[in-house]
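Engineer: My questions will all concern the structure given below.
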Amino acid sequence: MYKTNYQFYLRFISVLILLFGLFGLSYANQKLPKHYPQQFDLDGYIHNVDIAKQNIQINGYTYGMSLQTVAYGLNGEKISLLSLASKTKIGVVMSPYVKGQKRTVSKIWILPSSYELEWKPL
């Protein structure tokens, strides 16, 4: 009376194994060293850094910086904002929201080449 469709279950389990395997590979690429923050407010590529105007252009958008903006290298060491080159892959932590003030870039982290950006260039 009840027939079990073993081929269906075999295909279903195979697809699940494949999906979990692919998810595991994409998750492994996002693994960052312990000294990095767990998440970034924004990530992308630097286009331009203007120290005099306290601006940084990321993914074509301009964001303000402050005198307290700090940049970190791959090993977690503080680096100069002047050493941030164009087309460098970075993650950014913004200042907390304060009513009536613009959020500014407070921390910049240089990202490893294996990190997949959430923002994809066109």
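Ordered as shown in the structure tokens, chains take letters A, B, and onward, while each chain numbers its residues from 1 and ligands are numbered from 1 in the order shown.
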Could you list, as a list in words, every residue within 12 Å of His35 (chain A), counting only C-alpha atoms and ignoring same-chain residues fewer than 4 positions away?

Structural biologist: Lys31, Gln39, Tyr72, Gly73, Leu74, Asn75, Gly76, Glu77, Lys78, Trp109, Ile110 and Leu111 of chain A

Engineer: Just want the 10 Å neighbourhood of Asp41 (chain A), counted on only C-alpha atoms, with same-chain residues fewer than 3 positions away dropped. Output as a ChimeraX atom specification.

Structural biologist: /A:91-95,105

Engineer: Interatomic distance between CA of Ala85 (chain A) and CA of Glu118 (chain A)?

Structural biologist: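 So the answer is 20.3 Å.
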
Engineer: Please run DSSP on the backbone and report, as a PyMOL selection string, all residues within chain A that come out as alpha helix (DSSP H).

Structural biologist: chain A and resi 6-29

Engineer: Let me make sure I understand: among A:Met65, A:Pro96, A:Ile17, A:Ile90, which one has the smallest atom-to-atom distance to Asp43 (chain A) if we use only C-alpha atoms?

Structural biologist: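 Of all the options, A:Ile90 lies closest to Asp43 (chain A).
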
Engineer: Which is closer to Lys102 (chain A) than all the others in A:Gln57, A:Ser114, A:Ser66, A:Ser14, using only C-alpha atoms?

Structural biologist: A:Ser66

Engineer: Restricting the calculation to only C-alpha atoms: of A:Pro112, A:Tyr45, A:Ser106, A:Ile79, which residue gets closest to Leu67 (chain A)?

Structural biologist: A:Ser106

Engineer: Which of chain A counts as strand (DSSP E) under DSSP, as a PyMOL selection string please?

Structural biologist: chain A and resi 42-50+55-58+61-72+78-79+89-94+105-110

Engineer: I need the residue nearest Ser113 (chain A) from this list: A:Leu32, A:Pro37, A:Asn48, A:Ser80. Use only C-alpha atoms for the distance.

Structural biologist: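 Of all the options, A:Leu32 lies closest to Ser113 (chain A).
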
Engineer: Could you tell me which of A:Gln38, A:Ser83, A:Gln54, A:Gln101 comes closest to Thr69 (chain A) if we count only C-alpha atoms?

Structural biologist: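 Among the listed residues, the smallest separation from Thr69 (chain A) belongs to A:Gln54.
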
Engineer: With a distance cut-off of 8 Å and only C-alpha atoms, select the neighbouring residues of Asn59 (chain A), excluding the residue or stretch itself and same-chain residues fewer than 5 positions from it, and output the selection as a ChimeraX atom specification.

Structural biologist: /A:44-47,121

Engineer: Ile51 (chain A): which residues within 8 Å, counting only C-alpha atoms, same-chain residues fewer than 4 positions away excluded, as a count of residues only?

Structural biologist: 3

Engineer: As an exercise, work out the distance from CA of Phe40 (chain A) to CA of Gly100 (chain A) in Å and give it to one decimal place.

Structural biologist: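 Separating CA of Phe40 (chain A) from CA of Gly100 (chain A) is a distance of 22.8 Å.
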
Engineer: Which value, in Å to one decimal, gives the distance between CA of Gly60 (chain A) and CA of Lys107 (chain A)?

Structural biologist: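 It comes out at 18.5 Å.
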